[in-house]
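One structure is given here, and the rest of the page talks about it.
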Amino acid sequence: MVADVRAFFHSIYTHAIPWAIHGKEFAKRHRGPAHYGNLIDLLCRNAQDGQTTGLPVGPDTSRLIAEVVASAVDTHLQQRLKIGSRDASRYIDDYTLSSPDGADGEELLAALRQSMAVFELELNSEKSAIFPTSHRQNIGWQQAVLRHLPRPSPSSGRIETSALQHFLYQLGRVCVAHPDINRSRIVEPTAETFQFSITAVYMNSAAPRRFKDEDDHEVLRGQYHGHPYGEINLVVPLDAGAELKGLQGWQGPGWTAPEPGSRHFPEVRGGAVIALFYLPAGRISYDFKAPAG
């Protein structure tokens, strides 16, 4: 069984932080700042005009606090199902569970949903699925990509061209091995990335959802979205002549930079491309209604 938390960082209930640290019953009886879980709760609310829902996106502290809450969910789930570390894994908010005692997938999903509810979290039904154990899972590929993420050279302090080329090569191999997965954020906003997130997107105009454009090219169209703070894209064709269409038109190898507040359909023609999207503060929105036609 695989599952995903709905809007993980945006939906964390700040009062669940002391629940995760001190235990829910204890935290409800002791709400003063003498207990550091309550103090963290207070500081998170103060950073968001007193709101109790959501953590600021970008800071490393948010990732740490979110991990505290998610680990408490893990503990609750482990105690409920009596499973060991070899029966489950979690990557940030993506869960993979199996059952050593014959419990079916629906039971595992229900148990995870109930453990989430203890800390006021919800599962994303659209990303939750049950597979037979004979099914080959698309898991572990995020770790494989991150293992090849280029790092600055100790001597120059800069990322070498060869390291970036190696990363893009390995990223292409992952895309070919997992053609049904076409988008994933591989780096959250951090000080190291100047508060930009990095999302890898694979698009191939040979996909079944392709259509013919006015010039009789086969084109694959992605999901309509907007860029609240703008976006910087690195386009890497995997096939000669493949191009990505953005707000500045068709782009082969190189960079595009949609401006803040812009919206569009990403499109690809001529084969397969990888695009690395650099988003300020990780901000992107899919809430806009696509134009007709």
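The chains in the structure tokens are called A, B, ... from first to last as shown; in each chain the residues are counted from 1, and the ligands are counted from 1 in the order shown.
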Nearby residues (only C-alpha atoms) at most 8 Å from segment 45-53 of chain A, same-chain spacing under 6 positions excluded, as a list in words: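 That gives His10, Ser11, Ile12, Tyr13, Thr14 and His15 of chain A.
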Pull C-alpha atoms from the residues just selected and write them as a PDB file, in the first residue's frame.
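Writing done, so here's out-v6.pdb:
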ATOM      1  CA  HIS A  10       0.274  23.473   4.702  1.00  0.00           C
ATOM      2  CA  SER A  11      -2.008  21.314   6.881  1.00  0.00           C
ATOM      3  CA  ILE A  12       0.110  20.622   9.975  1.00  0.00           C
ATOM      4  CA  TYR A  13      -1.851  21.661  13.063  1.00  0.00           C
ATOM      5  CA  THR A  14       0.561  23.572  15.300  1.00  0.00           C
ATOM      6  CA  HIS A  15      -1.069  22.219  18.485  1.00  0.00           C
TER       7      HIS A  15
END
DSSP says helix (DSSP H, G or I) for which residues of segment 75-115 of chain A? Put them as a list in words?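 These are the residues in question: Thr75, His76, Leu77, Gln78, Gln79, Arg80, Leu81, Ser85, Arg86, Asp87, Gly105, Glu106, Glu107, Leu108, Leu109, Ala110, Ala111, Leu112, Arg113, Gln114 and Ser115 of chain A.
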Within 8 Å of Ser197 of chain A using only C-alpha atoms, minus same-chain residues under 2 positions, as a list in words: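 Here the qualifying residues turn out to be Arg185, Ile186, Val187, Glu188, Pro189, Thr190, Thr193, Gln195, Thr199, Phe277, Tyr278, Leu279, Pro280, Ala281 and Gly282 of chain A.
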Have a look at A:Val68, A:Asp74, A:Ser85, A:Ala3 and name the one nearest to Ser128 of chain A; count only C-alpha atoms.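 Looking only at the distances to Ser128 of chain A, the closest residue turns out to be A:Ala3.
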Give me, as an mmCIF file with N, CA, C and O atoms, in the first residue's frame, the residues of segment 112-224 of chain A that a backbone DSSP run labels strand (DSSP E).
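Here's the written file result-v9.cif:
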data_model
loop_
_atom_site.group_PDB
_atom_site.id
_atom_site.type_symbol
_atom_site.label_atom_id
_atom_site.label_comp_id
_atom_site.auth_asym_id
_atom_site.auth_seq_id
_atom_site.Cartn_x
_atom_site.Cartn_y
_atom_site.Cartn_z
ATOM 1 N N ARG A 183 6.705 13.886 -12.476
ATOM 2 C CA ARG A 183 7.020 15.134 -11.778
ATOM 3 C C ARG A 183 7.255 14.855 -10.308
ATOM 4 O O ARG A 183 6.480 14.157 -9.661
ATOM 5 N N SER A 184 8.320 15.416 -9.771
ATOM 6 C CA SER A 184 8.562 15.300 -8.334
ATOM 7 C C SER A 184 9.504 16.399 -7.877
ATOM 8 O O SER A 184 10.468 16.734 -8.578
ATOM 9 N N ARG A 185 9.211 16.956 -6.729
ATOM 10 C CA ARG A 185 10.130 17.926 -6.127
ATOM 11 C C ARG A 185 11.284 17.153 -5.506
ATOM 12 O O ARG A 185 11.075 16.286 -4.652
ATOM 13 N N ILE A 186 12.487 17.441 -5.950
ATOM 14 C CA ILE A 186 13.641 16.701 -5.463
ATOM 15 C C ILE A 186 14.442 17.478 -4.424
ATOM 16 O O ILE A 186 15.242 16.890 -3.698
ATOM 17 N N VAL A 187 14.229 18.795 -4.345
ATOM 18 C CA VAL A 187 14.911 19.610 -3.337
ATOM 19 C C VAL A 187 13.927 20.650 -2.820
ATOM 20 O O VAL A 187 13.316 21.376 -3.611
ATOM 21 N N PHE A 196 15.181 28.448 -3.095
ATOM 22 C CA PHE A 196 14.509 27.911 -4.281
ATOM 23 C C PHE A 196 14.281 26.417 -4.066
ATOM 24 O O PHE A 196 15.156 25.715 -3.558
ATOM 25 N N SER A 197 13.112 25.928 -4.462
ATOM 26 C CA SER A 197 12.914 24.483 -4.570
ATOM 27 C C SER A 197 13.330 24.052 -5.973
ATOM 28 O O SER A 197 13.432 24.873 -6.883
ATOM 29 N N ILE A 198 13.580 22.748 -6.142
ATOM 30 C CA ILE A 198 13.912 22.214 -7.463
ATOM 31 C C ILE A 198 12.979 21.043 -7.741
ATOM 32 O O ILE A 198 12.924 20.090 -6.964
ATOM 33 N N THR A 199 12.243 21.147 -8.829
ATOM 34 C CA THR A 199 11.324 20.091 -9.247
ATOM 35 C C THR A 199 11.780 19.540 -10.596
ATOM 36 O O THR A 199 12.082 20.308 -11.509
ATOM 37 N N ALA A 200 11.862 18.221 -10.686
ATOM 38 C CA ALA A 200 12.216 17.568 -11.945
ATOM 39 C C ALA A 200 10.936 17.115 -12.650
ATOM 40 O O ALA A 200 10.088 16.475 -12.034
ATOM 41 N N VAL A 201 10.813 17.450 -13.921
ATOM 42 C CA VAL A 201 9.634 17.096 -14.718
ATOM 43 C C VAL A 201 10.090 16.385 -15.986
ATOM 44 O O VAL A 201 11.010 16.838 -16.673
ATOM 45 N N TYR A 202 9.452 15.250 -16.281
ATOM 46 C CA TYR A 202 9.730 14.493 -17.506
ATOM 47 C C TYR A 202 8.489 14.553 -18.381
ATOM 48 O O TYR A 202 7.387 14.226 -17.949
ATOM 49 N N MET A 203 8.661 14.978 -19.646
ATOM 50 C CA MET A 203 7.550 15.032 -20.580
ATOM 51 C C MET A 203 8.001 14.448 -21.912
ATOM 52 O O MET A 203 9.126 14.695 -22.364
ATOM 53 N N ASN A 204 7.106 13.683 -22.538
ATOM 54 C CA ASN A 204 7.425 13.027 -23.810
ATOM 55 C C ASN A 204 6.242 13.180 -24.748
ATOM 56 O O ASN A 204 5.116 12.762 -24.425
ATOM 57 N N PHE A 211 -1.542 15.307 -28.727
ATOM 58 C CA PHE A 211 -2.508 15.785 -29.723
ATOM 59 C C PHE A 211 -1.735 16.499 -30.830
ATOM 60 O O PHE A 211 -0.536 16.776 -30.709
ATOM 61 N N LYS A 212 -2.423 16.796 -31.913
ATOM 62 C CA LYS A 212 -1.812 17.508 -33.035
ATOM 63 C C LYS A 212 -2.078 19.007 -32.889
ATOM 64 O O LYS A 212 -3.221 19.433 -32.694
ATOM 65 N N GLU A 218 3.087 16.620 -33.094
ATOM 66 C CA GLU A 218 2.536 15.902 -31.944
ATOM 67 C C GLU A 218 3.024 16.590 -30.668
ATOM 68 O O GLU A 218 4.231 16.756 -30.457
ATOM 69 N N VAL A 219 2.072 16.963 -29.832
ATOM 70 C CA VAL A 219 2.372 17.775 -28.646
ATOM 71 C C VAL A 219 1.735 17.131 -27.426
ATOM 72 O O VAL A 219 0.598 16.653 -27.478
ATOM 73 N N LEU A 220 2.481 17.118 -26.333
ATOM 74 C CA LEU A 220 1.930 16.708 -25.037
ATOM 75 C C LEU A 220 1.773 17.951 -24.192
ATOM 76 O O LEU A 220 2.707 18.745 -24.055
ATOM 77 N N ARG A 221 0.592 18.122 -23.626
ATOM 78 C CA ARG A 221 0.303 19.299 -22.803
ATOM 79 C C ARG A 221 0.219 18.906 -21.345
ATOM 80 O O ARG A 221 -0.443 17.941 -20.982
#
Between A:Gln79, A:Glu126, A:Pro59, A:Gly249, single out the one closest to Val5 of chain A, counting only C-alpha atoms. A:Glu126
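Rounded to one decimal, atom CA of Phe119 of chain A and atom CA of Ala88 of chain A lie 19.2 Å from each other.
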